[in-house]
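Chemist: Got a structure for you, work08.txt, holding compact mmCIF, C-alpha atoms.
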```txt
# COMPACT_ATOMS: atom_id res chain seq x y z
CA MET F 1 -145.01 46.14 272.72
CA GLN F 2 -143.97 47.81 275.91
CA PRO F 3 -146.67 47.06 278.46
CA VAL F 4 -148.45 49.80 280.37
CA ARG F 5 -146.87 50.33 283.78
CA ARG F 6 -148.68 51.12 287.02
CA ASP F 7 -146.99 54.53 287.28
CA GLU F 8 -148.67 55.55 283.99
CA ILE F 9 -152.14 55.05 285.47
CA ILE F 10 -153.80 57.83 287.45
CA ASP F 11 -156.77 57.67 289.79
CA TYR F 12 -160.18 57.90 288.15
CA GLN F 13 -160.99 61.33 289.62
CA THR F 14 -157.81 62.92 288.26
CA TYR F 15 -158.43 61.10 284.98
CA GLU F 16 -161.92 62.60 284.83
CA ASP F 17 -160.35 66.08 284.80
CA GLN F 18 -157.91 65.15 282.02
CA ARG F 19 -160.26 62.89 280.08
CA PRO F 20 -161.48 65.26 277.32
CA ASP F 21 -157.96 66.04 276.07
CA PHE F 22 -156.67 62.49 276.52
CA ARG F 23 -159.74 61.05 274.80
CA ARG F 24 -159.29 63.37 271.79
CA GLU F 25 -155.64 62.31 271.51
CA VAL F 26 -156.45 58.60 271.70
CA LEU F 27 -159.37 58.76 269.26
CA ALA F 28 -157.12 60.48 266.71
CA ILE F 29 -154.51 57.75 267.16
CA LYS F 30 -157.14 55.00 266.92
CA ALA F 31 -158.47 56.37 263.61
CA ALA F 32 -155.34 55.26 261.73
CA ARG F 33 -155.40 51.89 263.49
CA ARG F 34 -159.01 51.00 262.61
CA VAL F 35 -159.38 48.58 259.70
CA HIS F 36 -162.77 47.55 258.30
CA VAL F 37 -162.82 44.14 256.63
CA GLY F 38 -166.00 43.12 254.85
CA ASP F 39 -169.34 44.35 256.12
CA ALA F 40 -169.17 43.11 259.70
CA PHE F 41 -165.58 43.18 260.94
CA THR F 42 -163.61 46.05 262.46
CA PHE F 43 -160.04 45.51 263.61
CA LEU F 44 -158.74 48.02 266.16
CA PHE F 45 -154.97 47.71 266.41
CA GLU F 46 -153.70 48.48 269.89
CA ASN F 47 -150.60 50.20 271.21
CA PRO F 48 -149.57 51.23 274.73
CA LEU F 49 -151.51 54.50 274.54
CA THR F 50 -154.77 52.84 273.43
CA VAL F 51 -154.35 50.19 276.12
CA ARG F 52 -153.74 52.84 278.77
CA TYR F 53 -156.92 54.56 277.60
CA GLN F 54 -158.89 51.30 277.98
CA ILE F 55 -157.53 50.82 281.50
CA GLN F 56 -158.36 54.39 282.50
CA GLU F 57 -161.86 54.11 281.02
CA MET F 58 -162.49 50.86 282.90
CA MET F 59 -161.28 52.39 286.16
CA ARG F 60 -163.52 55.39 285.56
CA ALA F 61 -166.61 53.35 284.66
CA GLU F 62 -166.24 50.94 287.57
CA ARG F 63 -164.73 53.41 290.06
CA ILE F 64 -161.77 51.11 290.65
CA VAL F 65 -159.45 52.16 293.48
CA ARG F 66 -158.02 48.98 295.02
CA GLU F 67 -154.45 48.31 293.96
CA SER F 68 -155.16 44.63 293.31
CA ASP F 69 -158.06 45.56 291.02
CA ILE F 70 -155.95 48.14 289.19
CA ALA F 71 -153.18 45.56 288.74
CA HIS F 72 -155.74 43.10 287.34
CA GLU F 73 -156.94 45.66 284.75
CA ILE F 74 -153.36 46.48 283.75
CA ASP F 75 -152.46 42.78 283.35
CA THR F 76 -155.66 42.03 281.42
CA TYR F 77 -155.33 44.89 278.94
CA ASN F 78 -151.56 44.48 278.51
CA GLU F 79 -152.29 41.03 277.06
CA LEU F 80 -153.68 42.86 274.00
CA LEU F 81 -150.18 44.03 273.09
CA GLY F 82 -148.66 40.58 272.73
CA GLN F 83 -144.92 39.97 272.63
CA PRO F 84 -142.19 42.18 271.12
CA GLY F 85 -142.67 42.34 267.35
CA ASP F 86 -146.38 41.39 267.54
CA LEU F 87 -149.38 43.44 266.56
CA GLY F 88 -152.32 43.06 268.90
CA CYS F 89 -155.84 44.05 268.07
CA THR F 90 -159.43 43.97 269.16
CA LEU F 91 -161.81 42.58 266.56
CA LEU F 92 -165.39 43.81 266.72
CA ILE F 93 -167.95 41.64 264.97
CA GLU F 94 -170.58 44.22 264.14
CA LEU F 95 -174.01 42.86 263.34
CA ASP F 96 -176.85 45.16 264.39
CA ASP F 97 -179.71 42.67 264.22
CA ALA F 98 -179.66 40.62 267.47
CA PRO F 99 -181.11 37.35 266.07
CA THR F 100 -178.74 37.48 263.08
CA ARG F 101 -175.82 38.24 265.39
CA GLN F 102 -176.60 35.24 267.63
CA GLU F 103 -176.94 32.96 264.61
CA LYS F 104 -173.69 34.14 262.98
CA LEU F 105 -171.69 34.00 266.21
CA SER F 106 -172.66 30.33 266.45
CA GLN F 107 -171.99 29.62 262.78
CA TRP F 108 -168.68 31.47 262.76
CA LEU F 109 -167.10 29.59 265.68
CA GLY F 110 -163.95 28.76 263.65
CA LEU F 111 -163.60 32.24 262.16
CA PRO F 112 -160.72 33.53 264.37
CA GLU F 113 -158.44 30.75 263.15
CA THR F 114 -158.91 31.94 259.54
CA ILE F 115 -157.86 35.56 260.08
CA TYR F 116 -154.50 36.68 258.74
CA ALA F 117 -152.20 39.65 258.26
CA GLU F 118 -150.64 39.71 254.81
CA LEU F 119 -147.08 40.96 254.36
CA GLU F 120 -145.70 42.76 251.33
CA ASP F 121 -144.19 39.55 249.91
CA GLY F 122 -147.60 37.80 250.10
CA THR F 123 -146.81 35.82 253.26
CA ARG F 124 -149.88 35.35 255.42
CA ILE F 125 -149.37 35.51 259.18
CA PRO F 126 -152.25 33.75 260.94
CA ALA F 127 -153.86 35.48 263.89
CA CYS F 128 -153.43 33.97 267.33
CA PRO F 129 -156.88 34.23 268.91
CA ASP F 130 -157.64 34.35 272.62
CA ASP F 131 -159.40 31.04 273.29
CA ARG F 132 -161.32 32.62 276.17
CA GLN F 133 -163.44 34.54 273.66
CA HIS F 134 -165.80 31.66 272.92
CA ASP F 135 -167.59 29.07 274.98
CA GLY F 136 -167.40 26.21 272.47
CA ARG F 137 -170.88 27.02 271.16
CA ARG F 138 -170.49 30.58 269.91
CA LEU F 139 -167.99 33.42 269.60
CA SER F 140 -168.00 36.61 271.59
CA SER F 141 -168.70 39.62 269.37
CA VAL F 142 -165.40 41.05 270.68
CA GLN F 143 -162.29 39.03 269.89
CA TYR F 144 -158.71 39.66 271.00
CA LEU F 145 -156.12 38.71 268.40
CA ARG F 146 -152.37 38.82 268.12
CA PHE F 147 -150.41 38.74 264.87
CA PRO F 148 -146.80 37.49 265.35
CA VAL F 149 -145.44 39.57 262.44
CA GLU F 150 -141.91 39.70 263.92
CA GLY F 151 -141.75 43.47 263.47
CA ARG F 152 -142.86 43.45 259.82
CA THR F 153 -145.67 45.78 258.76
CA PRO F 154 -148.64 44.09 257.07
CA VAL F 155 -150.15 45.43 253.86
CA ALA F 156 -153.58 43.77 254.23
CA ILE F 157 -155.86 42.04 256.73
CA GLY F 158 -158.05 39.17 255.60
CA ILE F 159 -160.46 36.45 256.61
CA ASP F 160 -160.57 33.06 254.85
CA PHE F 161 -163.62 31.69 256.64
CA PRO F 162 -165.85 30.17 253.91
CA ALA F 163 -169.03 32.04 254.92
CA ALA F 164 -167.29 35.35 255.57
CA GLN F 165 -164.33 35.76 253.22
CA ALA F 166 -163.00 39.29 252.95
CA ARG F 167 -159.73 41.16 252.58
CA THR F 168 -158.78 44.81 253.00
CA GLU F 169 -155.62 46.48 251.76
CA LEU F 170 -154.22 48.81 254.40
CA SER F 171 -154.03 52.47 253.46
CA PRO F 172 -150.66 54.23 253.54
CA GLU F 173 -151.80 55.96 256.75
CA GLN F 174 -152.70 52.63 258.38
CA ARG F 175 -149.42 51.05 257.33
CA ALA F 176 -147.47 54.03 258.68
CA ALA F 177 -149.28 53.86 262.04
CA LEU F 178 -148.58 50.14 262.44
CA ALA F 179 -144.97 50.59 261.29
CA GLU F 180 -144.57 53.34 263.90
CA ASP F 181 -145.89 51.04 266.63
CA LEU F 182 -143.57 48.26 265.55
CA ALA F 183 -140.59 50.66 265.37
CA ASP F 184 -141.36 51.99 268.86
CA ASP F 185 -141.65 48.39 270.00
CA GLY F 186 -138.24 47.53 268.56
CA ALA F 187 -136.62 50.59 270.12
CA ARG F 188 -138.02 49.69 273.53
CA TYR F 189 -136.67 46.14 273.39
CA ALA F 190 -133.32 46.83 271.70
```
Show how you would write the structure in this file as structure tokens.

Modeler:
Amino acid sequence: MQPVRRDEIIDYQTYEDQRPDFRREVLAIKAARRVHVGDAFTFLFENPLTVRYQIQEMMRAERIVRESDIAHEIDTYNELLGQPGDLGCTLLIELDDAPTRQEKLSQWLGLPETIYAELEDGTRIPACPDDRQHDGRRLSSVQYLRFPVEGRTPVAIGIDFPAAQARTELSPEQRAALAEDLADDGARYA
């Protein structure tokens, strides 16, 4: 998808003034892009607006003002969008109990490689995980994934990991939101 540009980012003080309205807009957009799979997995599909929100929130929280630091945040968060025709997402592994979470994050080390987006014809597109999200001993509870769907809208998201198999059919609203992102993506790169 079209990456966030520097001229779309405002200073954190100006953002603070605009934050309530912008936050409401982004949270409404995120609602249709949130997919729960099984009991412990939430996929948050990203688009340029959600990425811009993440950048602005980081700048606000850390009071970032240096251009080099702003550029770093933009580059880092733009990675979530992937290449044209991809769907990028943040996966939250949500386990409330700390000891259980630590145990599962160690046991589920290979889980990201078993995640897929399913297309209407049944084709499964494997997720491309960010290898920086684990240290070889355990996963991070936040994973960044990219699905190279080549502009095709998935109908389901699933996990084939033996100890955590689950699959969720996308609602019509979720499918429409992802199709809109992919259509916007195609228009930007045409």

Chemist: Between F:Pro3, F:Gly151, F:Gly158, F:Pro20, which has the minimum distance to Asn47 (chain F) (counting only C-alpha atoms)?

Modeler: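 Closest residue, counting only C-alpha atoms: F:Pro3.
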
Chemist: Pick out the residues sitting within 8 Å of Leu81 (chain F), and hand them over as a PyMOL selection string; count all atoms listed in the file, and ignore anything fewer than 2 positions along from it in its own chain.

Modeler: chain F and resi 1-3+46-48+77-79+83+86-89+146

Chemist: Could you work out how far CA of Pro172 (chain F) lies from CA of Leu119 (chain F), giving the answer in Å with one decimal?

Modeler: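 A separation of 13.8 Å between them.
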
Chemist: One number please: CA of Ser141 (chain F) to CA of Glu113 (chain F), in Å, one decimal.

Modeler: 14.9 Å

Chemist: Could you jot down the CA of Ala61 (chain F) to CA of Phe22 (chain F) separation for me, Å, one decimal place?

Modeler: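 Result for CA of Ala61 (chain F) versus CA of Phe22 (chain F): 15.8 Å, one decimal.
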
Chemist: Can you find the residues with an atom no farther than 7 Å from (-153.3, 36.2, 265.9), counting only C-alpha atoms, and report them as a PDB file with C-alpha atoms, in the coordinates of the input?

Modeler:
```pdb
ATOM      1  CA  PRO F 126    -152.250  33.750 260.940  1.00  0.00           C
ATOM      2  CA  ALA F 127    -153.860  35.480 263.890  1.00  0.00           C
ATOM      3  CA  CYS F 128    -153.430  33.970 267.330  1.00  0.00           C
ATOM      4  CA  PRO F 129    -156.880  34.230 268.910  1.00  0.00           C
ATOM      5  CA  LEU F 145    -156.120  38.710 268.400  1.00  0.00           C
ATOM      6  CA  ARG F 146    -152.370  38.820 268.120  1.00  0.00           C
ATOM      7  CA  PHE F 147    -150.410  38.740 264.870  1.00  0.00           C
ATOM      8  CA  PRO F 148    -146.800  37.490 265.350  1.00  0.00           C
TER       9      PRO F 148
END
```

Chemist: Calculated over only C-alpha atoms, which of the candidates F:His36, F:Lys30, F:Arg167, F:Arg52 has the smallest distance to Ile9 (chain F)?

Modeler: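 For Ile9 (chain F), the nearest of the given residues is F:Arg52.
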
Chemist: List as a ChimeraX atom specification: which residues have an atom within 12 Å of (-153.5, 52.8, 259.5), counting only C-alpha atoms?

Modeler: /F:28-36,43-46,153-157,168-181
